[in-house]
$ cat model.cif   # mmCIF, C-alpha atoms
data_final
#
loop_
_atom_site.label_atom_id
_atom_site.label_comp_id
_atom_site.auth_asym_id
_atom_site.auth_seq_id
_atom_site.Cartn_x
_atom_site.Cartn_y
_atom_site.Cartn_z
CA MET A 205 -48.35 93.23 90.17
CA ASN A 206 -49.56 90.47 87.86
CA ARG A 207 -49.28 91.47 84.20
CA SER A 208 -52.66 90.06 83.24
CA ASN A 209 -55.30 92.50 82.09
CA SER A 210 -57.55 89.90 80.50
CA LEU A 211 -61.26 90.58 80.26
CA LYS A 212 -63.53 88.31 82.25
CA THR A 213 -66.46 86.35 80.83
CA SER A 214 -69.93 86.59 82.32
CA ASP A 215 -69.42 83.19 83.95
CA GLN A 216 -66.12 84.28 85.48
CA ILE A 217 -67.76 87.44 86.79
CA LYS A 218 -70.40 85.26 88.47
CA ARG A 219 -67.60 83.35 90.19
CA MET A 220 -66.04 86.62 91.29
CA ARG A 221 -69.40 87.68 92.70
CA GLU A 222 -69.23 84.65 95.02
CA ALA A 223 -65.87 85.86 96.31
CA GLY A 224 -67.24 89.38 96.58
CA LEU A 225 -70.19 88.23 98.67
CA LEU A 226 -67.79 86.54 101.05
CA VAL A 227 -65.85 89.80 101.37
CA TRP A 228 -69.12 91.59 102.17
CA GLU A 229 -69.97 89.02 104.83
CA ALA A 230 -66.49 89.29 106.35
CA HIS A 231 -66.95 93.04 106.61
CA GLN A 232 -70.16 92.50 108.56
CA VAL A 233 -68.24 90.28 110.99
CA ALA A 234 -65.75 93.10 111.52
CA ALA A 235 -68.39 95.83 111.80
CA ARG A 236 -70.21 94.05 114.62
CA LEU A 237 -67.07 94.30 116.78
CA LEU A 238 -66.50 98.03 116.42
CA GLU A 239 -66.76 99.64 119.82
CA PRO A 240 -64.39 101.35 122.25
CA GLY A 241 -62.03 98.94 123.99
CA VAL A 242 -61.87 96.34 121.22
CA THR A 243 -58.40 95.71 119.81
CA THR A 244 -57.63 95.63 116.11
CA ARG A 245 -56.12 92.18 116.68
CA GLU A 246 -59.50 90.90 117.87
CA ILE A 247 -61.17 92.19 114.73
CA ASP A 248 -58.55 90.55 112.52
CA ALA A 249 -58.86 87.23 114.38
CA ALA A 250 -62.63 87.19 113.89
CA VAL A 251 -62.37 87.89 110.17
CA ASP A 252 -59.59 85.32 109.76
CA ALA A 253 -61.65 82.60 111.45
CA PHE A 254 -64.72 83.48 109.38
CA VAL A 255 -62.89 83.41 106.04
CA LEU A 256 -61.07 80.17 106.81
CA GLY A 257 -64.36 78.65 107.98
CA LYS A 258 -65.74 79.30 104.48
CA LYS A 259 -62.83 77.35 102.93
CA ALA A 260 -61.44 80.57 101.45
CA THR A 261 -58.00 82.17 101.61
CA PRO A 262 -57.23 85.54 103.26
CA VAL A 263 -55.11 86.95 100.43
CA PHE A 264 -53.23 89.62 102.38
CA LYS A 265 -51.65 87.23 104.87
CA GLY A 266 -48.08 86.43 103.83
CA VAL A 267 -47.81 89.01 101.04
CA PRO A 268 -44.03 89.38 100.43
CA GLY A 269 -42.17 92.44 101.66
CA LYS A 270 -39.22 93.24 103.89
CA VAL A 271 -41.27 91.16 106.29
CA PRO A 272 -44.27 89.14 105.04
CA TYR A 273 -47.57 90.78 105.90
CA PRO A 274 -48.61 89.06 109.16
CA ALA A 275 -52.42 89.41 109.22
CA SER A 276 -55.57 88.62 107.27
CA THR A 277 -56.84 92.20 107.22
CA CYS A 278 -55.36 95.66 106.95
CA ILE A 279 -56.74 97.84 109.75
CA SER A 280 -55.72 101.50 109.69
CA VAL A 281 -56.77 103.97 112.39
CA ASN A 282 -57.03 107.76 112.18
CA HIS A 283 -53.85 109.04 110.44
CA GLU A 284 -52.96 105.59 109.09
CA VAL A 285 -53.66 105.51 105.36
CA VAL A 286 -53.40 101.78 104.55
CA HIS A 287 -51.71 98.52 105.48
CA GLY A 288 -52.11 98.99 109.21
CA ILE A 289 -51.07 95.79 111.00
CA PRO A 290 -53.66 94.61 113.55
CA GLY A 291 -52.33 94.53 117.09
CA ASP A 292 -53.07 95.43 120.71
CA ARG A 293 -54.29 98.95 119.98
CA LYS A 294 -57.68 99.51 121.57
CA LEU A 295 -60.28 101.53 119.71
CA LYS A 296 -61.44 104.77 121.32
CA GLN A 297 -64.58 106.83 120.99
CA GLY A 298 -64.17 109.17 118.02
CA ASP A 299 -61.60 107.07 116.15
CA ILE A 300 -62.02 106.35 112.47
CA ILE A 301 -60.97 102.88 111.37
CA SER A 302 -60.39 101.64 107.82
CA ILE A 303 -60.79 97.90 107.31
CA ASP A 304 -59.52 96.32 104.08
CA ILE A 305 -60.38 92.67 103.37
CA GLY A 306 -59.30 90.52 100.42
CA VAL A 307 -60.14 86.86 99.86
CA LYS A 308 -59.75 84.15 97.25
CA LEU A 309 -62.63 81.70 96.86
CA HIS A 310 -62.62 78.87 94.31
CA GLY A 311 -59.71 80.51 92.52
CA TRP A 312 -61.20 84.02 92.25
CA CYS A 313 -60.51 87.15 94.31
CA GLY A 314 -62.63 89.83 95.94
CA ASP A 315 -61.43 93.03 97.62
CA ALA A 316 -63.23 95.81 99.50
CA ALA A 317 -62.50 98.42 102.15
CA VAL A 318 -64.59 100.78 104.27
CA THR A 319 -63.84 103.42 106.90
CA HIS A 320 -66.05 103.45 110.01
CA ALA A 321 -66.47 105.98 112.79
CA VAL A 322 -66.25 104.53 116.30
CA GLY A 323 -69.21 106.21 117.95
CA ASP A 324 -69.53 109.96 117.58
CA THR A 325 -66.59 111.58 115.84
CA SER A 326 -65.44 115.07 114.91
CA ALA A 327 -67.07 117.16 112.19
CA ALA A 328 -63.83 117.03 110.18
CA ALA A 329 -63.73 113.24 110.38
CA ALA A 330 -67.39 112.96 109.43
CA LYS A 331 -66.85 115.17 106.39
CA LEU A 332 -63.79 113.14 105.37
CA LEU A 333 -65.81 109.92 105.41
CA GLU A 334 -68.65 111.53 103.48
CA VAL A 335 -66.34 112.91 100.80
CA THR A 336 -64.30 109.71 100.41
CA GLU A 337 -67.41 107.53 100.16
CA GLY A 338 -68.89 110.04 97.72
CA THR A 339 -65.75 109.86 95.60
CA LEU A 340 -66.17 106.10 95.25
CA ALA A 341 -69.86 106.61 94.42
CA LEU A 342 -68.87 109.10 91.73
CA ALA A 343 -66.38 106.59 90.27
CA ILE A 344 -68.90 103.74 90.23
CA ARG A 345 -71.45 105.79 88.34
CA GLY A 346 -68.79 107.27 86.10
CA ILE A 347 -67.61 103.97 84.68
CA GLY A 348 -71.14 103.37 83.46
CA SER A 349 -70.88 106.23 80.98
CA ALA A 350 -67.20 107.06 80.48
CA ARG A 351 -65.04 105.69 77.70
CA ASN A 352 -61.65 105.98 79.40
CA TRP A 353 -60.61 105.79 83.05
CA ASN A 354 -59.12 109.30 83.03
CA ASP A 355 -62.61 110.66 82.32
CA VAL A 356 -63.56 109.26 85.74
CA SER A 357 -60.38 109.89 87.71
CA LEU A 358 -60.34 113.59 86.82
CA ARG A 359 -63.83 113.97 88.26
CA MET A 360 -62.72 112.14 91.40
CA GLN A 361 -59.68 114.36 91.89
CA ARG A 362 -61.59 117.58 91.28
CA TYR A 363 -64.34 116.63 93.69
CA VAL A 364 -61.91 115.75 96.51
CA GLU A 365 -59.86 118.91 96.04
CA SER A 366 -62.99 121.08 95.85
CA GLN A 367 -63.75 119.89 99.39
CA GLY A 368 -60.33 121.00 100.66
CA PHE A 369 -58.89 117.47 100.91
CA SER A 370 -56.11 115.68 99.00
CA VAL A 371 -55.97 112.49 96.95
CA VAL A 372 -53.24 110.01 97.88
CA ARG A 373 -51.12 109.50 94.75
CA SER A 374 -48.58 106.85 95.68
CA LEU A 375 -51.29 104.22 96.26
CA VAL A 376 -53.78 103.28 93.56
CA GLY A 377 -56.46 100.75 92.71
CA HIS A 378 -56.00 97.77 90.41
CA ALA A 379 -57.61 95.21 88.19
CA ILE A 380 -58.49 91.96 89.91
CA GLY A 381 -59.34 88.39 88.94
CA ARG A 382 -57.57 85.14 89.64
CA GLU A 383 -54.89 87.29 91.24
CA MET A 384 -55.54 90.07 93.72
CA TRP A 385 -53.33 92.61 91.96
CA GLU A 386 -53.60 92.60 88.17
CA ARG A 387 -53.02 95.24 85.52
CA PRO A 388 -54.02 97.91 84.80
CA GLN A 389 -53.28 100.11 87.79
CA VAL A 390 -56.19 102.43 88.59
CA PRO A 391 -55.14 105.87 89.90
CA ASN A 392 -57.65 108.04 91.75
CA TYR A 393 -56.36 111.18 90.03
CA TYR A 394 -55.78 112.35 86.47
CA ASP A 395 -52.72 110.61 85.02
CA THR A 396 -52.31 110.12 81.27
CA ARG A 397 -49.57 107.55 81.88
CA ASN A 398 -52.08 105.14 83.42
CA ASP A 399 -55.16 105.73 81.28
CA PHE A 400 -57.07 102.79 79.78
CA GLN A 401 -60.32 102.04 78.02
CA LEU A 402 -63.28 100.92 80.12
CA ARG A 403 -64.27 97.77 78.24
CA PRO A 404 -66.94 95.25 79.25
CA GLY A 405 -65.30 92.34 81.08
CA LEU A 406 -62.79 94.50 82.92
CA VAL A 407 -62.99 93.99 86.70
CA LEU A 408 -61.49 96.71 88.88
CA ALA A 409 -60.87 97.32 92.56
CA LEU A 410 -61.70 101.02 92.85
CA GLU A 411 -60.34 102.48 96.09
CA PRO A 412 -60.01 106.22 96.64
CA ARG A 413 -57.85 107.18 99.60
CA VAL A 414 -58.32 110.72 100.81
CA ASN A 415 -56.40 112.77 103.39
CA VAL A 416 -57.58 115.82 105.32
CA GLY A 417 -54.16 117.42 104.92
CA THR A 418 -51.21 116.72 102.65
CA ALA A 419 -51.22 113.87 100.15
CA GLU A 420 -47.71 112.96 101.28
CA GLU A 421 -47.16 109.92 103.48
CA ARG A 422 -44.46 107.80 105.08
CA VAL A 423 -44.05 104.16 106.08
CA LEU A 424 -43.60 103.17 109.72
CA PRO A 425 -40.70 100.96 110.89
CA ASP A 426 -42.97 97.90 110.75
CA HIS A 427 -42.39 98.14 106.95
CA TRP A 428 -46.14 98.12 106.18
CA THR A 429 -48.20 100.81 107.89
CA VAL A 430 -48.53 103.92 105.73
CA VAL A 431 -49.37 107.13 107.62
CA THR A 432 -50.01 110.71 106.55
CA ALA A 433 -46.85 112.81 106.66
CA ASP A 434 -48.56 115.58 108.64
CA GLY A 435 -50.54 113.35 111.02
CA SER A 436 -53.89 114.31 109.47
CA LEU A 437 -56.81 111.91 109.18
CA SER A 438 -57.17 109.56 106.21
CA ALA A 439 -60.08 107.50 104.84
CA HIS A 440 -60.37 104.60 102.38
CA PHE A 441 -63.43 103.17 100.58
CA GLU A 442 -63.27 100.35 98.03
CA HIS A 443 -65.43 97.96 96.01
CA THR A 444 -64.68 95.31 93.38
CA ILE A 445 -66.62 96.32 90.27
CA ALA A 446 -67.17 94.65 86.92
CA VAL A 447 -67.63 96.75 83.79
CA THR A 448 -70.51 95.17 81.83
CA GLU A 449 -72.59 95.99 78.76
CA ASN A 450 -75.36 97.00 81.17
CA GLY A 451 -73.20 99.25 83.34
CA PRO A 452 -71.13 98.67 86.49
CA ARG A 453 -71.83 95.57 88.58
CA ILE A 454 -70.64 95.83 92.17
CA LEU A 455 -69.31 92.41 93.13
CA THR A 456 -68.67 93.22 96.81
CA ALA A 457 -72.16 94.57 97.51
CA SER A 458 -74.62 92.86 99.86
CA PRO A 459 -76.89 90.09 98.54
CA GLU A 460 -79.49 92.81 97.95
CA GLY A 461 -76.97 94.96 96.09
CA ARG A 462 -76.47 97.50 98.86
CA GLY A 463 -73.40 98.86 100.61
CA TRP A 464 -71.15 101.85 101.11
CA ALA A 465 -70.95 104.26 98.15
CA ILE A 466 -73.90 102.46 96.56
CA ASP A 467 -76.61 104.00 98.72
CA SER A 468 -74.97 107.44 98.94
CA ALA A 469 -75.78 110.24 96.53
CA THR A 470 -73.20 111.02 93.88
CA PRO A 471 -71.59 114.39 94.65
CA VAL A 472 -72.03 117.28 92.27
CA GLU A 473 -69.19 117.36 89.79
CA VAL A 474 -67.08 120.50 89.91
CA HIS A 475 -65.97 120.49 86.26
CA ALA A 476 -66.60 118.42 83.17
CA ALA A 477 -63.87 116.01 82.13
CA PRO A 478 -61.97 116.49 78.87
CA ALA A 479 -63.16 114.66 75.79
CA ALA A 480 -62.59 110.92 75.98
CA GLY A 481 -59.11 110.07 74.84
CA GLY A 482 -58.06 113.74 74.80
CA LYS A 483 -54.30 114.37 74.82
CA VAL A 484 -52.59 116.84 77.11
CA GLY A 485 -49.22 118.32 76.16
CA ARG A 486 -46.44 118.59 78.72
CA ASN A 487 -46.60 122.40 78.56
CA ASP A 488 -50.40 122.63 78.51
CA PRO A 489 -52.38 123.76 81.56
CA CYS A 490 -53.07 120.78 83.80
CA PRO A 491 -56.67 119.52 83.39
CA CYS A 492 -57.00 119.18 87.18
CA GLY A 493 -57.54 122.95 87.37
CA SER A 494 -54.50 123.77 89.50
CA GLY A 495 -53.34 126.50 87.10
CA ARG A 496 -49.93 124.85 86.72
CA LYS A 497 -48.46 123.26 83.61
CA TYR A 498 -49.24 119.56 83.24
CA LYS A 499 -45.53 118.63 83.45
CA LYS A 500 -45.29 120.38 86.83
CA CYS A 501 -48.51 118.93 88.22
CA CYS A 502 -50.29 115.65 87.43
CA GLY A 503 -47.72 114.80 84.75
CA ALA A 504 -44.73 115.24 87.06
#
$ encode --input "model.cif" --output "structure tokens"
Amino acid sequence: MNRSNSLKTSDQIKRMREAGLLVWEAHQVAARLLEPGVTTREIDAAVDAFVLGKKATPVFKGVPGKVPYPASTCISVNHEVVHGIPGDRKLKQGDIISIDIGVKLHGWCGDAAVTHAVGDTSAAAAKLLEVTEGTLALAIRGIGSARNWNDVSLRMQRYVESQGFSVVRSLVGHAIGREMWERPQVPNYYDTRNDFQLRPGLVLALEPRVNVGTAEERVLPDHWTVVTADGSLSAHFEHTIAVTENGPRILTASPEGRGWAIDSATPVEVHAAPAAGGKVGRNDPCPCGSGRKYKKCCGA
């Protein structure tokens, strides 16, 4: 991850909005293809052609690893959490499919993800999508009033867990700018080790990932695809958001400022967060409400 955590100027944020609009448009290209029988490779090819046609760079393609990431998009289906490699898998009625798209345009990055249902899906899957989208909505509104990120992430964690689901902990959001992955890291759960102040000019990729079952996961032999350890469903919603003096500005929204987690109602918060900047001792009760000591829970 790039070490930069520099604040962006209003002009730089405008440039990032251009990249964000392209991400939004690329998502519309993908969404139009979602129907039973379509392969994830076909969706990736359409997005790749669209992004390249706009003289932009698909940032995910070629990301280093044991093998370089081979596609322009990450497409994860059902129990796949993230980094699913597009291939010959055909979508089926009732699947849920997470599409993550990142681009660089004129030197600036944009990043967004959304989970779709393919036709009618199960009640459990529908609730998972509603809760995960609502968690992102909660985060977006939270950064407009909170001082520190932990004030927001605690609310996110408590909401997800109050619905009987789990927050993925090994994968987090990130700052974004000229590079796709910049500091600070942005966990979707309470973690004093990764807290930071929400200052105007900070641009973040907020991306809660929520599982129906356990938060544990494993990586498939392709070295990229992350799946839930128990085979349960997983969902992923993300926007690139600038913190401004006037509140959050969603850079990957539609031209009219609409999109997932923007139009949805913010869920009712289960508990209030601790005072901004509040310290938690290792032997104190964990603020997440688990009843365990902090050192044995979120501080482990």
$ residues_around --input "model.cif" --residues "His231 (chain A)" --least-positions-apart "4" --cutoff "8 Å" --atoms "all atoms listed in the file" --output "list of chain:residue names"
A:Val227, A:Ala235, A:Val251, A:Ile303, A:Ile305
$ resolve_selection --input "model.cif" --expression "the PyMOL selection byres ((chain A and resi 280-291) around 9)" --output "ChimeraX atom specification"
/A:243-248,273-279,292-295,299-304,319,329,372,375,413-415,421,426,428-440
$ write_last_selection --input "model.cif" --atoms "C-alpha atoms" --output "mmCIF file, in the frame of the given file"
data_model
loop_
_atom_site.group_PDB
_atom_site.id
_atom_site.type_symbol
_atom_site.label_atom_id
_atom_site.label_comp_id
_atom_site.auth_asym_id
_atom_site.auth_seq_id
_atom_site.Cartn_x
_atom_site.Cartn_y
_atom_site.Cartn_z
ATOM 1 C CA THR A 243 -58.400 95.710 119.810
ATOM 2 C CA THR A 244 -57.630 95.630 116.110
ATOM 3 C CA ARG A 245 -56.120 92.180 116.680
ATOM 4 C CA GLU A 246 -59.500 90.900 117.870
ATOM 5 C CA ILE A 247 -61.170 92.190 114.730
ATOM 6 C CA ASP A 248 -58.550 90.550 112.520
ATOM 7 C CA TYR A 273 -47.570 90.780 105.900
ATOM 8 C CA PRO A 274 -48.610 89.060 109.160
ATOM 9 C CA ALA A 275 -52.420 89.410 109.220
ATOM 10 C CA SER A 276 -55.570 88.620 107.270
ATOM 11 C CA THR A 277 -56.840 92.200 107.220
ATOM 12 C CA CYS A 278 -55.360 95.660 106.950
ATOM 13 C CA ILE A 279 -56.740 97.840 109.750
ATOM 14 C CA ASP A 292 -53.070 95.430 120.710
ATOM 15 C CA ARG A 293 -54.290 98.950 119.980
ATOM 16 C CA LYS A 294 -57.680 99.510 121.570
ATOM 17 C CA LEU A 295 -60.280 101.530 119.710
ATOM 18 C CA ASP A 299 -61.600 107.070 116.150
ATOM 19 C CA ILE A 300 -62.020 106.350 112.470
ATOM 20 C CA ILE A 301 -60.970 102.880 111.370
ATOM 21 C CA SER A 302 -60.390 101.640 107.820
ATOM 22 C CA ILE A 303 -60.790 97.900 107.310
ATOM 23 C CA ASP A 304 -59.520 96.320 104.080
ATOM 24 C CA THR A 319 -63.840 103.420 106.900
ATOM 25 C CA ALA A 329 -63.730 113.240 110.380
ATOM 26 C CA VAL A 372 -53.240 110.010 97.880
ATOM 27 C CA LEU A 375 -51.290 104.220 96.260
ATOM 28 C CA ARG A 413 -57.850 107.180 99.600
ATOM 29 C CA VAL A 414 -58.320 110.720 100.810
ATOM 30 C CA ASN A 415 -56.400 112.770 103.390
ATOM 31 C CA GLU A 421 -47.160 109.920 103.480
ATOM 32 C CA ASP A 426 -42.970 97.900 110.750
ATOM 33 C CA TRP A 428 -46.140 98.120 106.180
ATOM 34 C CA THR A 429 -48.200 100.810 107.890
ATOM 35 C CA VAL A 430 -48.530 103.920 105.730
ATOM 36 C CA VAL A 431 -49.370 107.130 107.620
ATOM 37 C CA THR A 432 -50.010 110.710 106.550
ATOM 38 C CA ALA A 433 -46.850 112.810 106.660
ATOM 39 C CA ASP A 434 -48.560 115.580 108.640
ATOM 40 C CA GLY A 435 -50.540 113.350 111.020
ATOM 41 C CA SER A 436 -53.890 114.310 109.470
ATOM 42 C CA LEU A 437 -56.810 111.910 109.180
ATOM 43 C CA SER A 438 -57.170 109.560 106.210
ATOM 44 C CA ALA A 439 -60.080 107.500 104.840
ATOM 45 C CA HIS A 440 -60.370 104.600 102.380
#
$ residues_near_point --input "model.cif" --point "(-60.6, 98.6, 84.6)" --cutoff "10 Å" --atoms "all atoms listed in the file" --output "list in words"
Asn209, Leu211, Ile347, Asn352, Trp353, Gly377, His378, Ala379, Ile380, Glu386, Arg387, Pro388, Gln389, Val390, Asp399, Phe400, Gln401, Leu402, Arg403, Pro404, Gly405, Leu406, Val407, Leu408, Ala409, Leu410, Ile445, Ala446 and Val447 of chain A
$ write_last_selection --input "model.cif" --atoms "C-alpha atoms" --output "mmCIF file, in the coordinates of the input"
data_model
loop_
_atom_site.group_PDB
_atom_site.id
_atom_site.type_symbol
_atom_site.label_atom_id
_atom_site.label_comp_id
_atom_site.auth_asym_id
_atom_site.auth_seq_id
_atom_site.Cartn_x
_atom_site.Cartn_y
_atom_site.Cartn_z
ATOM 1 C CA ASN A 209 -55.300 92.500 82.090
ATOM 2 C CA LEU A 211 -61.260 90.580 80.260
ATOM 3 C CA ILE A 347 -67.610 103.970 84.680
ATOM 4 C CA ASN A 352 -61.650 105.980 79.400
ATOM 5 C CA TRP A 353 -60.610 105.790 83.050
ATOM 6 C CA GLY A 377 -56.460 100.750 92.710
ATOM 7 C CA HIS A 378 -56.000 97.770 90.410
ATOM 8 C CA ALA A 379 -57.610 95.210 88.190
ATOM 9 C CA ILE A 380 -58.490 91.960 89.910
ATOM 10 C CA GLU A 386 -53.600 92.600 88.170
ATOM 11 C CA ARG A 387 -53.020 95.240 85.520
ATOM 12 C CA PRO A 388 -54.020 97.910 84.800
ATOM 13 C CA GLN A 389 -53.280 100.110 87.790
ATOM 14 C CA VAL A 390 -56.190 102.430 88.590
ATOM 15 C CA ASP A 399 -55.160 105.730 81.280
ATOM 16 C CA PHE A 400 -57.070 102.790 79.780
ATOM 17 C CA GLN A 401 -60.320 102.040 78.020
ATOM 18 C CA LEU A 402 -63.280 100.920 80.120
ATOM 19 C CA ARG A 403 -64.270 97.770 78.240
ATOM 20 C CA PRO A 404 -66.940 95.250 79.250
ATOM 21 C CA GLY A 405 -65.300 92.340 81.080
ATOM 22 C CA LEU A 406 -62.790 94.500 82.920
ATOM 23 C CA VAL A 407 -62.990 93.990 86.700
ATOM 24 C CA LEU A 408 -61.490 96.710 88.880
ATOM 25 C CA ALA A 409 -60.870 97.320 92.560
ATOM 26 C CA LEU A 410 -61.700 101.020 92.850
ATOM 27 C CA ILE A 445 -66.620 96.320 90.270
ATOM 28 C CA ALA A 446 -67.170 94.650 86.920
ATOM 29 C CA VAL A 447 -67.630 96.750 83.790
#
$ resolve_selection --input "model.cif" --expression "the PyMOL selection byres ((chain A and resi 456) around 6)" --output "VMD selection string"
chain A and resid 224 to 225 228 443 to 444 454 to 455 457
$ resolve_selection --input "model.cif" --expression "the PyMOL selection byres ((chain A and resi 345) around 10)" --output "PyMOL selection string"
chain A and resi 340-344+346-350+356+451-452+465-466+470
$ atom_distance --input "model.cif" --atom1 "CA of Glu337 (chain A)" --atom2 "CA of Ser357 (chain A)"
14.5 Å
$ atom_distance --input "model.cif" --atom1 "CA of Ala230 (chain A)" --atom2 "CA of Arg453 (chain A)"
19.6 Å
$ atom_distance --input "model.cif" --atom1 "CA of Thr261 (chain A)" --atom2 "CA of Arg382 (chain A)"
12.3 Å
$ residues_around --input "model.cif" --residues "Lys296 (chain A)" --least-positions-apart "2" --cutoff "8 Å" --atoms "only C-alpha atoms" --output "MDAnalysis selection string"
chainID A and resid 239:241 294 298:299 322
$ write_last_selection --input "model.cif" --atoms "C-alpha atoms" --output "mmCIF file, keeping the file's coordinate frame"
data_model
loop_
_atom_site.group_PDB
_atom_site.id
_atom_site.type_symbol
_atom_site.label_atom_id
_atom_site.label_comp_id
_atom_site.auth_asym_id
_atom_site.auth_seq_id
_atom_site.Cartn_x
_atom_site.Cartn_y
_atom_site.Cartn_z
ATOM 1 C CA GLU A 239 -66.760 99.640 119.820
ATOM 2 C CA PRO A 240 -64.390 101.350 122.250
ATOM 3 C CA GLY A 241 -62.030 98.940 123.990
ATOM 4 C CA LYS A 294 -57.680 99.510 121.570
ATOM 5 C CA GLY A 298 -64.170 109.170 118.020
ATOM 6 C CA ASP A 299 -61.600 107.070 116.150
ATOM 7 C CA VAL A 322 -66.250 104.530 116.300
#
$ residues_around --input "model.cif" --residues "Asp215 (chain A)" --least-positions-apart "6" --cutoff "12 Å" --atoms "all atoms listed in the file" --output "ChimeraX atom specification"
/A:221-222,312,405
$ closest_residue --input "model.cif" --among "A:Leu332, A:Ala260, A:Ala316, A:Val242" --to "Gln297 (chain A)" --atoms "only C-alpha atoms"
A:Val242
$ build_atoms --input "model.cif" --residues "region 297-303 of chain A" --atoms "all heavy atoms" --output "PDB file, in the frame of the given file"
ATOM      1  N   GLN A 297     -63.486 106.022 121.493  1.00  0.00           N
ATOM      2  CA  GLN A 297     -64.580 106.830 120.990  1.00  0.00           C
ATOM      3  C   GLN A 297     -64.041 107.962 120.127  1.00  0.00           C
ATOM      4  O   GLN A 297     -63.106 108.658 120.514  1.00  0.00           O
ATOM      5  CB  GLN A 297     -65.362 107.427 122.171  1.00  0.00           C
ATOM      6  CG  GLN A 297     -66.530 108.317 121.786  1.00  0.00           C
ATOM      7  CD  GLN A 297     -67.774 107.522 121.459  1.00  0.00           C
ATOM      8  OE1 GLN A 297     -67.834 106.320 121.717  1.00  0.00           O
ATOM      9  NE2 GLN A 297     -68.762 108.192 120.912  1.00  0.00           N
ATOM     10  N   GLY A 298     -64.605 108.114 118.923  1.00  0.00           N
ATOM     11  CA  GLY A 298     -64.170 109.170 118.020  1.00  0.00           C
ATOM     12  C   GLY A 298     -63.132 108.759 117.008  1.00  0.00           C
ATOM     13  O   GLY A 298     -62.836 109.521 116.079  1.00  0.00           O
ATOM     14  N   ASP A 299     -62.545 107.563 117.153  1.00  0.00           N
ATOM     15  CA  ASP A 299     -61.600 107.070 116.150  1.00  0.00           C
ATOM     16  C   ASP A 299     -62.321 106.852 114.821  1.00  0.00           C
ATOM     17  O   ASP A 299     -63.536 106.616 114.773  1.00  0.00           O
ATOM     18  CB  ASP A 299     -61.000 105.724 116.577  1.00  0.00           C
ATOM     19  CG  ASP A 299     -59.909 105.845 117.616  1.00  0.00           C
ATOM     20  OD1 ASP A 299     -59.370 106.953 117.803  1.00  0.00           O
ATOM     21  OD2 ASP A 299     -59.593 104.815 118.258  1.00  0.00           O
ATOM     22  N   ILE A 300     -61.544 106.901 113.733  1.00  0.00           N
ATOM     23  CA  ILE A 300     -62.020 106.350 112.470  1.00  0.00           C
ATOM     24  C   ILE A 300     -61.118 105.185 112.113  1.00  0.00           C
ATOM     25  O   ILE A 300     -59.903 105.232 112.325  1.00  0.00           O
ATOM     26  CB  ILE A 300     -62.079 107.391 111.342  1.00  0.00           C
ATOM     27  CG1 ILE A 300     -60.704 108.001 111.036  1.00  0.00           C
ATOM     28  CG2 ILE A 300     -63.091 108.483 111.676  1.00  0.00           C
ATOM     29  CD1 ILE A 300     -60.710 108.899 109.796  1.00  0.00           C
ATOM     30  N   ILE A 301     -61.708 104.124 111.607  1.00  0.00           N
ATOM     31  CA  ILE A 301     -60.970 102.880 111.370  1.00  0.00           C
ATOM     32  C   ILE A 301     -61.292 102.352 109.975  1.00  0.00           C
ATOM     33  O   ILE A 301     -62.450 102.114 109.642  1.00  0.00           O
ATOM     34  CB  ILE A 301     -61.282 101.834 112.455  1.00  0.00           C
ATOM     35  CG1 ILE A 301     -60.633 100.483 112.133  1.00  0.00           C
ATOM     36  CG2 ILE A 301     -62.780 101.688 112.681  1.00  0.00           C
ATOM     37  CD1 ILE A 301     -60.768  99.452 113.237  1.00  0.00           C
ATOM     38  N   SER A 302     -60.251 102.185 109.172  1.00  0.00           N
ATOM     39  CA  SER A 302     -60.390 101.640 107.820  1.00  0.00           C
ATOM     40  C   SER A 302     -60.056 100.149 107.855  1.00  0.00           C
ATOM     41  O   SER A 302     -58.992  99.758 108.345  1.00  0.00           O
ATOM     42  CB  SER A 302     -59.457 102.358 106.846  1.00  0.00           C
ATOM     43  OG  SER A 302     -59.753 103.734 106.781  1.00  0.00           O
ATOM     44  N   ILE A 303     -60.974  99.346 107.343  1.00  0.00           N
ATOM     45  CA  ILE A 303     -60.790  97.900 107.310  1.00  0.00           C
ATOM     46  C   ILE A 303     -60.778  97.441 105.860  1.00  0.00           C
ATOM     47  O   ILE A 303     -61.737  97.687 105.116  1.00  0.00           O
ATOM     48  CB  ILE A 303     -61.899  97.174 108.095  1.00  0.00           C
ATOM     49  CG1 ILE A 303     -61.924  97.670 109.542  1.00  0.00           C
ATOM     50  CG2 ILE A 303     -61.696  95.660 108.036  1.00  0.00           C
ATOM     51  CD1 ILE A 303     -63.076  97.104 110.363  1.00  0.00           C
TER      52      ILE A 303
END
